[in-house]
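Participant: Below is the file my_file-v2.txt, which contains compact mmCIF, C-alpha atoms and all ligand atoms.
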```txt
# COMPACT_ATOMS: atom_id res chain seq x y z
CA THR A 14 -13.07 63.11 37.54
CA GLY A 15 -9.52 63.95 38.51
CA SER A 16 -10.60 66.51 41.08
CA ALA A 17 -12.76 64.12 43.12
CA GLU A 18 -11.66 63.73 46.73
CA VAL A 19 -10.58 60.19 47.59
CA LEU A 20 -12.34 59.34 50.84
CA LEU A 21 -11.51 55.65 51.10
CA GLU A 22 -8.29 54.39 49.53
CA VAL A 23 -7.40 50.71 49.24
CA ARG A 24 -3.90 49.74 48.16
CA GLY A 25 -2.48 46.30 47.49
CA LEU A 26 -5.01 44.58 49.72
CA ALA A 27 -4.66 40.82 50.04
CA VAL A 28 -6.66 38.35 52.14
CA GLU A 29 -5.92 34.64 52.28
CA PHE A 30 -7.86 31.76 53.81
CA GLY A 31 -5.18 29.09 54.00
CA ALA A 32 -4.32 28.35 50.39
CA VAL A 33 -7.30 30.32 49.06
CA LYS A 34 -6.40 33.82 47.89
CA ALA A 35 -9.73 35.52 48.46
CA LEU A 36 -8.30 38.96 47.56
CA SER A 37 -5.01 39.84 45.90
CA GLY A 38 -3.57 43.24 45.07
CA VAL A 39 -6.87 45.07 45.34
CA GLU A 40 -6.66 48.78 44.47
CA LEU A 41 -9.79 50.85 44.92
CA ARG A 42 -10.69 54.48 45.54
CA ILE A 43 -14.05 55.66 46.74
CA HIS A 44 -14.72 59.34 46.14
CA ARG A 45 -16.52 61.53 48.65
CA GLY A 46 -20.21 61.85 47.83
CA GLU A 47 -20.42 59.07 45.26
CA ILE A 48 -22.35 55.81 45.07
CA LEU A 49 -19.90 53.20 43.86
CA GLY A 50 -21.29 49.86 42.68
CA LEU A 51 -19.30 46.71 43.41
CA ILE A 52 -20.25 43.77 41.23
CA GLY A 53 -18.78 40.39 40.37
CA PRO A 54 -19.64 36.67 40.35
CA ASN A 55 -20.39 34.70 43.50
CA GLY A 56 -17.17 33.92 45.33
CA ALA A 57 -15.32 36.84 43.71
CA GLY A 58 -14.41 38.25 47.13
CA LYS A 59 -16.92 41.10 47.49
CA SER A 60 -17.99 40.29 51.05
CA THR A 61 -14.41 39.51 52.01
CA LEU A 62 -13.44 42.99 50.81
CA VAL A 63 -16.10 44.57 53.02
CA ASP A 64 -14.91 42.42 55.94
CA ALA A 65 -11.28 43.48 55.40
CA LEU A 66 -12.08 47.18 55.01
CA THR A 67 -14.07 47.30 58.23
CA GLY A 68 -11.72 45.32 60.48
CA PHE A 69 -13.82 42.14 60.59
CA LEU A 70 -11.02 40.24 58.84
CA PRO A 71 -7.27 40.83 59.09
CA ALA A 72 -5.59 41.68 55.78
CA HIS A 73 -2.53 39.65 54.79
CA SER A 74 -1.04 42.77 53.23
CA GLY A 75 -2.04 46.18 51.94
CA THR A 76 -3.28 49.45 53.34
CA VAL A 77 -6.68 51.08 53.81
CA ARG A 78 -7.00 54.80 54.42
CA LEU A 79 -10.11 56.71 55.42
CA ALA A 80 -9.72 60.42 54.66
CA GLY A 81 -5.95 59.83 54.59
CA ARG A 82 -5.80 58.03 57.93
CA PRO A 83 -4.65 54.38 57.99
CA ILE A 84 -7.44 52.19 59.37
CA ASP A 85 -6.17 48.70 58.61
CA ARG A 86 -5.28 46.83 61.81
CA LEU A 87 -8.08 48.60 63.72
CA THR A 88 -11.01 46.77 65.29
CA PRO A 89 -14.46 46.98 63.68
CA HIS A 90 -15.59 49.15 66.57
CA ARG A 91 -12.76 51.66 66.02
CA VAL A 92 -13.31 51.68 62.27
CA ALA A 93 -17.01 52.41 62.80
CA ARG A 94 -16.20 55.21 65.22
CA LEU A 95 -13.94 56.78 62.61
CA GLY A 96 -16.87 56.80 60.19
CA LEU A 97 -16.69 53.63 58.10
CA ARG A 98 -19.65 51.29 58.58
CA ARG A 99 -21.06 48.23 56.85
CA THR A 100 -24.13 46.05 56.63
CA PHE A 101 -24.06 42.26 56.32
CA GLN A 102 -25.07 40.01 53.45
CA GLN A 103 -26.76 37.66 55.92
CA ASP A 104 -29.57 38.95 58.11
CA ARG A 105 -28.15 39.61 61.60
CA VAL A 106 -30.99 41.77 62.86
CA PRO A 107 -32.37 40.37 66.14
CA SER A 108 -36.08 39.78 66.72
CA THR A 109 -36.23 40.39 70.43
CA MET A 110 -36.31 44.17 70.65
CA THR A 111 -37.87 47.22 69.07
CA ILE A 112 -36.49 48.91 65.98
CA GLY A 113 -35.38 51.85 68.10
CA THR A 114 -33.52 49.76 70.68
CA TYR A 115 -31.73 47.82 67.94
CA ALA A 116 -30.82 50.98 66.04
CA LYS A 117 -29.50 52.73 69.14
CA PHE A 118 -27.37 49.66 69.86
CA VAL A 119 -25.99 49.62 66.32
CA ALA A 120 -25.30 53.36 66.31
CA ARG A 121 -23.72 53.21 69.78
CA GLY A 122 -24.49 56.73 70.86
CA ARG A 123 -23.69 58.20 67.45
CA THR A 124 -27.29 59.13 66.70
CA THR A 125 -30.26 60.96 68.16
CA THR A 126 -33.90 59.97 68.26
CA ALA A 127 -34.72 62.70 65.75
CA GLN A 128 -31.98 61.56 63.38
CA LEU A 129 -33.10 57.95 63.64
CA ASP A 130 -36.74 58.87 62.99
CA GLU A 131 -35.72 60.85 59.92
CA VAL A 132 -33.72 57.96 58.45
CA LEU A 133 -36.43 55.38 59.22
CA GLU A 134 -39.01 57.53 57.51
CA TYR A 135 -36.72 58.25 54.57
CA LEU A 136 -36.24 54.52 53.92
CA GLY A 137 -39.91 53.71 54.44
CA CYS A 138 -39.42 51.77 57.68
CA PRO A 139 -42.02 51.42 60.46
CA PRO A 140 -41.73 53.69 63.53
CA ARG A 141 -39.06 53.24 66.16
CA SER A 142 -41.43 51.64 68.71
CA THR A 143 -42.25 48.68 66.40
CA PRO A 144 -41.10 45.26 67.68
CA LEU A 145 -38.70 43.62 65.19
CA GLN A 146 -40.62 40.39 65.72
CA ILE A 147 -43.51 41.63 63.56
CA VAL A 148 -41.35 43.09 60.79
CA ASP A 149 -41.07 41.30 57.39
CA ALA A 150 -37.74 40.12 55.97
CA GLY A 151 -37.36 42.95 53.45
CA THR A 152 -38.07 45.61 56.04
CA ARG A 153 -35.45 44.06 58.34
CA ARG A 154 -32.88 44.65 55.57
CA LEU A 155 -33.94 48.28 55.34
CA ILE A 156 -33.82 48.70 59.12
CA GLU A 157 -30.20 47.48 59.17
CA VAL A 158 -29.33 50.13 56.58
CA ALA A 159 -31.29 52.79 58.49
CA ALA A 160 -29.62 52.00 61.82
CA ASN A 161 -26.16 52.39 60.28
CA LEU A 162 -27.10 55.49 58.32
CA ALA A 163 -28.49 57.06 61.48
CA ALA A 164 -24.95 57.06 62.88
CA ALA A 165 -24.02 59.42 60.00
CA PRO A 166 -20.93 57.51 58.83
CA GLN A 167 -18.62 59.06 56.25
CA VAL A 168 -18.81 55.85 54.25
CA LEU A 169 -21.36 53.03 54.39
CA LEU A 170 -20.66 49.70 52.67
CA LEU A 171 -23.86 47.82 51.80
CA ASP A 172 -23.49 44.08 51.15
CA GLU A 173 -26.39 43.08 48.90
CA PRO A 174 -28.91 45.32 50.69
CA ALA A 175 -31.65 44.69 48.13
CA ALA A 176 -31.55 40.90 48.50
CA GLY A 177 -34.80 39.82 50.14
CA LEU A 178 -36.71 42.99 49.35
CA SER A 179 -40.14 42.71 47.75
CA HIS A 180 -40.59 44.18 44.26
CA ASP A 181 -42.14 47.37 45.64
CA GLN A 182 -39.49 47.68 48.38
CA HIS A 183 -36.78 47.20 45.77
CA LEU A 184 -38.08 50.06 43.60
CA ALA A 185 -38.56 52.40 46.55
CA PHE A 186 -35.12 51.54 47.95
CA ALA A 187 -33.40 52.27 44.61
CA ASN A 188 -35.07 55.66 44.52
CA ARG A 189 -34.03 56.46 48.08
CA LEU A 190 -30.44 55.27 47.67
CA ARG A 191 -29.74 57.98 45.10
CA GLY A 192 -30.49 60.77 47.57
CA ILE A 193 -28.45 59.43 50.50
CA PRO A 194 -25.06 61.11 49.84
CA GLU A 195 -26.53 64.57 49.53
CA ARG A 196 -29.17 64.27 52.22
CA PHE A 197 -27.15 62.45 54.89
CA GLY A 198 -23.59 63.24 53.85
CA THR A 199 -22.73 59.55 53.56
CA THR A 200 -20.74 58.08 50.68
CA LEU A 201 -21.94 54.63 49.58
CA LEU A 202 -20.48 51.43 48.22
CA ILE A 203 -23.15 48.96 47.14
CA ILE A 204 -22.66 45.29 46.38
CA GLU A 205 -25.54 44.31 44.14
CA HIS A 206 -26.34 41.62 41.56
CA ASP A 207 -29.23 43.45 39.91
CA LEU A 208 -27.48 45.40 37.17
CA ASP A 209 -30.59 47.49 36.54
CA LEU A 210 -30.37 48.77 40.10
CA VAL A 211 -26.62 49.33 39.78
CA ARG A 212 -27.11 51.17 36.51
CA SER A 213 -29.83 53.40 37.92
CA VAL A 214 -28.04 54.28 41.16
CA CYS A 215 -24.26 54.13 40.68
CA SER A 216 -22.18 56.57 38.65
CA ARG A 217 -19.05 54.42 38.90
CA ILE A 218 -18.69 50.67 39.08
CA ALA A 219 -15.92 48.34 40.21
CA VAL A 220 -15.85 44.70 39.12
CA LEU A 221 -14.25 42.04 41.28
CA ASP A 222 -13.33 38.65 39.79
CA PHE A 223 -11.28 35.92 41.47
CA GLY A 224 -10.21 38.38 44.17
CA GLU A 225 -8.92 41.02 41.78
CA VAL A 226 -10.33 44.28 40.47
CA LEU A 227 -11.08 43.45 36.84
CA ALA A 228 -12.34 46.91 35.95
CA VAL A 229 -13.29 50.16 37.65
CA GLY A 230 -14.60 53.42 36.29
CA ASP A 231 -17.51 55.13 34.68
CA ARG A 232 -20.72 53.05 34.68
CA GLU A 233 -21.25 52.63 30.94
CA THR A 234 -17.58 52.04 30.18
CA VAL A 235 -17.37 49.26 32.76
CA LEU A 236 -20.67 47.62 31.84
CA SER A 237 -19.73 47.47 28.16
CA ASP A 238 -16.18 46.17 28.79
CA PRO A 239 -15.95 42.75 27.07
CA ARG A 240 -13.86 41.33 29.94
CA VAL A 241 -16.56 42.35 32.38
CA LEU A 242 -19.32 40.80 30.30
CA LYS A 243 -17.31 37.60 30.07
CA ALA A 244 -16.58 37.40 33.80
CA TYR A 245 -19.92 38.59 35.06
CA MET A 246 -22.29 36.97 32.60
CA GLY A 247 -20.18 33.84 32.29
CA GLU A 248 -20.14 34.27 28.51
P1 LIG A 301 -18.60 37.11 47.28
O1 LIG A 301 -19.11 37.96 48.39
O2 LIG A 301 -18.06 37.90 46.13
O3 LIG A 301 -19.63 36.12 46.81
P2 LIG A 301 -16.83 36.01 49.30
O4 LIG A 301 -16.05 37.19 49.73
O5 LIG A 301 -17.94 35.58 50.17
O6 LIG A 301 -17.36 36.25 47.80
O7 LIG A 301 -15.86 34.78 49.10
C1 LIG A 301 -14.62 34.89 48.38
C2 LIG A 301 -13.85 33.59 48.46
O8 LIG A 301 -13.35 33.40 49.76
C3 LIG A 301 -14.68 32.35 48.13
O9 LIG A 301 -13.87 31.43 47.47
C4 LIG A 301 -15.08 31.87 49.49
O10 LIG A 301 -15.33 30.48 49.46
C5 LIG A 301 -13.85 32.18 50.32
N1 LIG A 301 -14.15 32.45 51.75
C6 LIG A 301 -14.94 33.45 52.21
N2 LIG A 301 -14.97 33.43 53.56
C7 LIG A 301 -14.17 32.39 53.94
C8 LIG A 301 -13.78 31.85 55.21
N3 LIG A 301 -14.22 32.38 56.36
N4 LIG A 301 -12.97 30.77 55.20
C9 LIG A 301 -12.52 30.23 54.04
N5 LIG A 301 -12.84 30.70 52.82
C10 LIG A 301 -13.66 31.76 52.77
MG MG A 302 -20.95 38.11 49.28
```
Could I get this structure in the form of structure tokens?
Facilitator:
Amino acid sequence: TGSAEVLLEVRGLAVEFGAVKALSGVELRIHRGEILGLIGPNGAGKSTLVDALTGFLPAHSGTVRLAGRPIDRLTPHRVARLGLRRTFQQDRVPSTMTIGTYAKFVARGRTTTAQLDEVLEYLGCPPRSTPLQIVDAGTRRLIEVAANLAAAPQVLLLDEPAAGLSHDQHLAFANRLRGIPERFGTTLLIIEHDLDLVRSVCSRIAVLDFGEVLAVGDRETVLSDPRVLKAYMGE
């Protein structure tokens, strides 16, 4: 709706790897309190966008504003401190510590034990004292989300968080995702290939294709757009 507050604003964002234009002219607005789905074929630039928004990759051009404040050119650490966090498509969770030690490291003083326990329980994770070494792959994905959520970011960008979850974990996670903005005050962007999950969780969807935003808007409008079907389904 026109009255929604723009929390994260991306304008004219471009990222190049040598001759490869991974992103060009990306315009995107994430509204406070929403769950925005980001879909698109492999290689479309979804992970690159998350990298560029969070300071992990320098943008060639463009601006990124969080609650009106420019955050491009800042380090990932500074961006996180200002309230924009991300998870990674590839598992980066270590195995050599407990869930609690890992989460406290990730949150860097931005959480409390009580807050962490609440988030772990909410996402169905084992208790804080559990060694990561004995945790299954799907649960490790959830723990990465929990550790970032425990820091109470304004915006959390999730890069394929459901990849590697078991069927039961997938269903439970989808149900829990929906309640995150209201319960924890965190706005979400979710990169996800499972359109059923996207449909059930996201009110708005953005489609990235060849580094450009092909469509963005209301869920049903975007998912029935012929250009989206062509790009995403390869039809
Ligand atoms: P997605 O997450 O949508 O699958 P990516 O953002 O991973 O897509 O990749 C977008 C494009 O950028 C692809 O063509 C990919 O090969 C290229 N790319 C990504 N990271 C690098 C990099 N570090 N160096 C060179 N090319 C890269
Ligand atoms: Mg990716």
Participant: Kindly indicate which residue among A:Thr61, A:Val220, A:Ala164, A:Leu97 lies nearest to Arg82 in chain A, using only C-alpha atoms for the distances.
Facilitator: A:Leu97
Participant: Around ligand LIG 301 (chain A), at most 7 Å away and counting all atoms listed in the file, which residues are there? Put them as number ranges by chain, please.
Facilitator: A: 30, 33, 35, 53-62
Participant: As an exercise, work out the distance from CA of Pro107 in chain A to CA of Leu178 in chain A in Å and give it to one decimal place.
Facilitator: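 Distance between the two atoms: 17.5 Å.
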Participant: Do you have the CA of Val235 in chain A-CA of Glu18 in chain A distance handy?
Facilitator: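 Going from CA of Val235 in chain A over to CA of Glu18 in chain A covers 20.9 Å.
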Participant: Could you check which of A:Phe197, A:Tyr245, A:Tyr135, A:Phe69 is closest to Ala228 in chain A, using only C-alpha atoms?
Facilitator: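 Using only C-alpha atoms, Ala228 in chain A sits closest to A:Tyr245.
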Participant: Taking (-22.9, 57.0, 41.0) in the file's coordinates as the center, which residues reach within 8 Å of it, counting all atoms listed in the file, put as a PyMOL selection string?
Facilitator: chain A and resi 47-50+214-218+232
Participant: Export, as an mmCIF file, in the coordinates of the input, the selected residues with C-alpha atoms.
Facilitator:
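This is the output file selection.cif:
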```
data_model
loop_
_atom_site.group_PDB
_atom_site.id
_atom_site.type_symbol
_atom_site.label_atom_id
_atom_site.label_comp_id
_atom_site.auth_asym_id
_atom_site.auth_seq_id
_atom_site.Cartn_x
_atom_site.Cartn_y
_atom_site.Cartn_z
ATOM 1 C CA GLU A 47 -20.420 59.070 45.260
ATOM 2 C CA ILE A 48 -22.350 55.810 45.070
ATOM 3 C CA LEU A 49 -19.900 53.200 43.860
ATOM 4 C CA GLY A 50 -21.290 49.860 42.680
ATOM 5 C CA VAL A 214 -28.040 54.280 41.160
ATOM 6 C CA CYS A 215 -24.260 54.130 40.680
ATOM 7 C CA SER A 216 -22.180 56.570 38.650
ATOM 8 C CA ARG A 217 -19.050 54.420 38.900
ATOM 9 C CA ILE A 218 -18.690 50.670 39.080
ATOM 10 C CA ARG A 232 -20.720 53.050 34.680
#
```
Participant: Could you check the closest approach to ligand MG 302 (chain A) for each of A:Leu190, A:Leu162, A:Val63, A:Leu155 and tell me which residue wins, using only C-alpha atoms and all ligand atoms?
Facilitator: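 Among the listed residues, the smallest separation from ligand MG 302 (chain A) belongs to A:Val63.
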Participant: So which one's closest to Asp209 in chain A, A:Val241, A:Ile52, A:Leu87, A:Val226? Using all atoms listed in the file, please.
Facilitator: A:Ile52
Participant: Quick one: pull the distance between CA of Gly198 in chain A and CA of Ala175 in chain A, Å, one decimal.
Facilitator: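 Here the two named atoms are 21.0 Å from each other.
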Participant: Please identify all polymer residues lying at most 12 Å from the point (-42.7, 42.2, 63.0) (file coordinates), using only C-alpha atoms, and present the result as JSON, numbers by chain.
Facilitator: {"A": [106, 107, 108, 109, 110, 111, 112, 138, 139, 140, 142, 143, 144, 145, 146, 147, 148, 149, 150, 151, 152, 153, 156]}
Participant: For a quick check of understanding, using only C-alpha atoms, which of A:Leu41, A:Val211, A:Leu136, A:Ala176 has the smallest distance to Ile193 in chain A?
Facilitator: A:Leu136
Participant: From the options A:Ala32, A:Ala72, A:Ala219, A:Ala93, which residue's atoms come nearest to Val119 in chain A, counting all atoms listed in the file?
Facilitator: A:Ala93
Participant: Provide range 169-204 of chain A rebuilt to N, CA and C atoms, formatted as a compact mmCIF listing (two decimals), in the coordinates of the input.
Facilitator:
```txt
# COMPACT_ATOMS: atom_id res chain seq x y z
N LEU A 169 -20.58 54.21 54.01
CA LEU A 169 -21.36 53.03 54.39
C LEU A 169 -21.25 52.01 53.27
N LEU A 170 -20.82 50.80 53.64
CA LEU A 170 -20.66 49.70 52.67
C LEU A 170 -21.86 48.77 52.82
N LEU A 171 -22.63 48.61 51.75
CA LEU A 171 -23.86 47.82 51.80
C LEU A 171 -23.66 46.52 51.04
N ASP A 172 -23.73 45.39 51.76
CA ASP A 172 -23.49 44.08 51.15
C ASP A 172 -24.82 43.45 50.74
N GLU A 173 -25.15 43.59 49.47
CA GLU A 173 -26.39 43.08 48.90
C GLU A 173 -27.63 43.51 49.70
N PRO A 174 -27.80 44.82 49.87
CA PRO A 174 -28.91 45.32 50.69
C PRO A 174 -30.28 45.05 50.09
N ALA A 175 -30.34 44.87 48.77
CA ALA A 175 -31.65 44.69 48.13
C ALA A 175 -32.08 43.24 48.09
N ALA A 176 -31.18 42.31 48.49
CA ALA A 176 -31.55 40.90 48.50
C ALA A 176 -32.63 40.67 49.57
N GLY A 177 -33.74 40.08 49.17
CA GLY A 177 -34.80 39.82 50.14
C GLY A 177 -35.87 40.89 50.18
N LEU A 178 -35.68 41.97 49.41
CA LEU A 178 -36.71 42.99 49.35
C LEU A 178 -37.82 42.55 48.39
N SER A 179 -39.05 42.95 48.69
CA SER A 179 -40.14 42.71 47.75
C SER A 179 -39.94 43.61 46.53
N HIS A 180 -40.71 43.36 45.47
CA HIS A 180 -40.59 44.18 44.26
C HIS A 180 -40.81 45.66 44.57
N ASP A 181 -41.85 45.97 45.31
CA ASP A 181 -42.14 47.37 45.64
C ASP A 181 -41.04 47.97 46.52
N GLN A 182 -40.57 47.20 47.50
CA GLN A 182 -39.49 47.68 48.38
C GLN A 182 -38.23 47.95 47.58
N HIS A 183 -37.96 47.09 46.62
CA HIS A 183 -36.78 47.20 45.77
C HIS A 183 -36.81 48.53 44.99
N LEU A 184 -37.95 48.82 44.38
CA LEU A 184 -38.08 50.06 43.60
C LEU A 184 -37.93 51.29 44.50
N ALA A 185 -38.60 51.25 45.64
CA ALA A 185 -38.56 52.40 46.55
C ALA A 185 -37.14 52.60 47.09
N PHE A 186 -36.48 51.48 47.40
CA PHE A 186 -35.12 51.54 47.95
C PHE A 186 -34.16 52.16 46.93
N ALA A 187 -34.27 51.72 45.67
CA ALA A 187 -33.40 52.27 44.61
C ALA A 187 -33.57 53.78 44.53
N ASN A 188 -34.81 54.23 44.59
CA ASN A 188 -35.07 55.66 44.52
C ASN A 188 -34.47 56.41 45.71
N ARG A 189 -34.53 55.81 46.88
CA ARG A 189 -34.03 56.46 48.08
C ARG A 189 -32.51 56.46 48.15
N LEU A 190 -31.90 55.37 47.64
CA LEU A 190 -30.44 55.27 47.67
C LEU A 190 -29.79 56.50 47.04
N ARG A 191 -30.33 56.88 45.88
CA ARG A 191 -29.74 57.98 45.10
C ARG A 191 -29.57 59.25 45.92
N GLY A 192 -30.51 59.51 46.84
CA GLY A 192 -30.49 60.77 47.57
C GLY A 192 -29.64 60.75 48.84
N ILE A 193 -29.14 59.57 49.20
CA ILE A 193 -28.45 59.43 50.50
C ILE A 193 -27.20 60.31 50.63
N PRO A 194 -26.29 60.30 49.64
CA PRO A 194 -25.06 61.11 49.84
C PRO A 194 -25.36 62.58 50.11
N GLU A 195 -26.26 63.15 49.34
CA GLU A 195 -26.53 64.57 49.53
C GLU A 195 -27.32 64.83 50.81
N ARG A 196 -28.32 64.01 51.07
CA ARG A 196 -29.17 64.27 52.22
C ARG A 196 -28.50 63.97 53.56
N PHE A 197 -27.73 62.86 53.61
CA PHE A 197 -27.15 62.45 54.89
C PHE A 197 -25.64 62.61 54.95
N GLY A 198 -25.04 63.03 53.85
CA GLY A 198 -23.59 63.24 53.85
C GLY A 198 -22.79 61.96 53.92
N THR A 199 -23.40 60.85 53.51
CA THR A 199 -22.73 59.55 53.56
C THR A 199 -22.44 59.04 52.16
N THR A 200 -21.19 58.68 51.94
CA THR A 200 -20.74 58.08 50.68
C THR A 200 -21.08 56.59 50.73
N LEU A 201 -21.50 56.02 49.58
CA LEU A 201 -21.94 54.63 49.58
C LEU A 201 -21.13 53.74 48.66
N LEU A 202 -20.89 52.51 49.10
CA LEU A 202 -20.48 51.43 48.22
C LEU A 202 -21.57 50.38 48.31
N ILE A 203 -22.05 49.92 47.15
CA ILE A 203 -23.15 48.96 47.14
C ILE A 203 -22.77 47.72 46.36
N ILE A 204 -22.81 46.58 47.05
CA ILE A 204 -22.66 45.29 46.38
C ILE A 204 -24.05 44.88 45.93
```
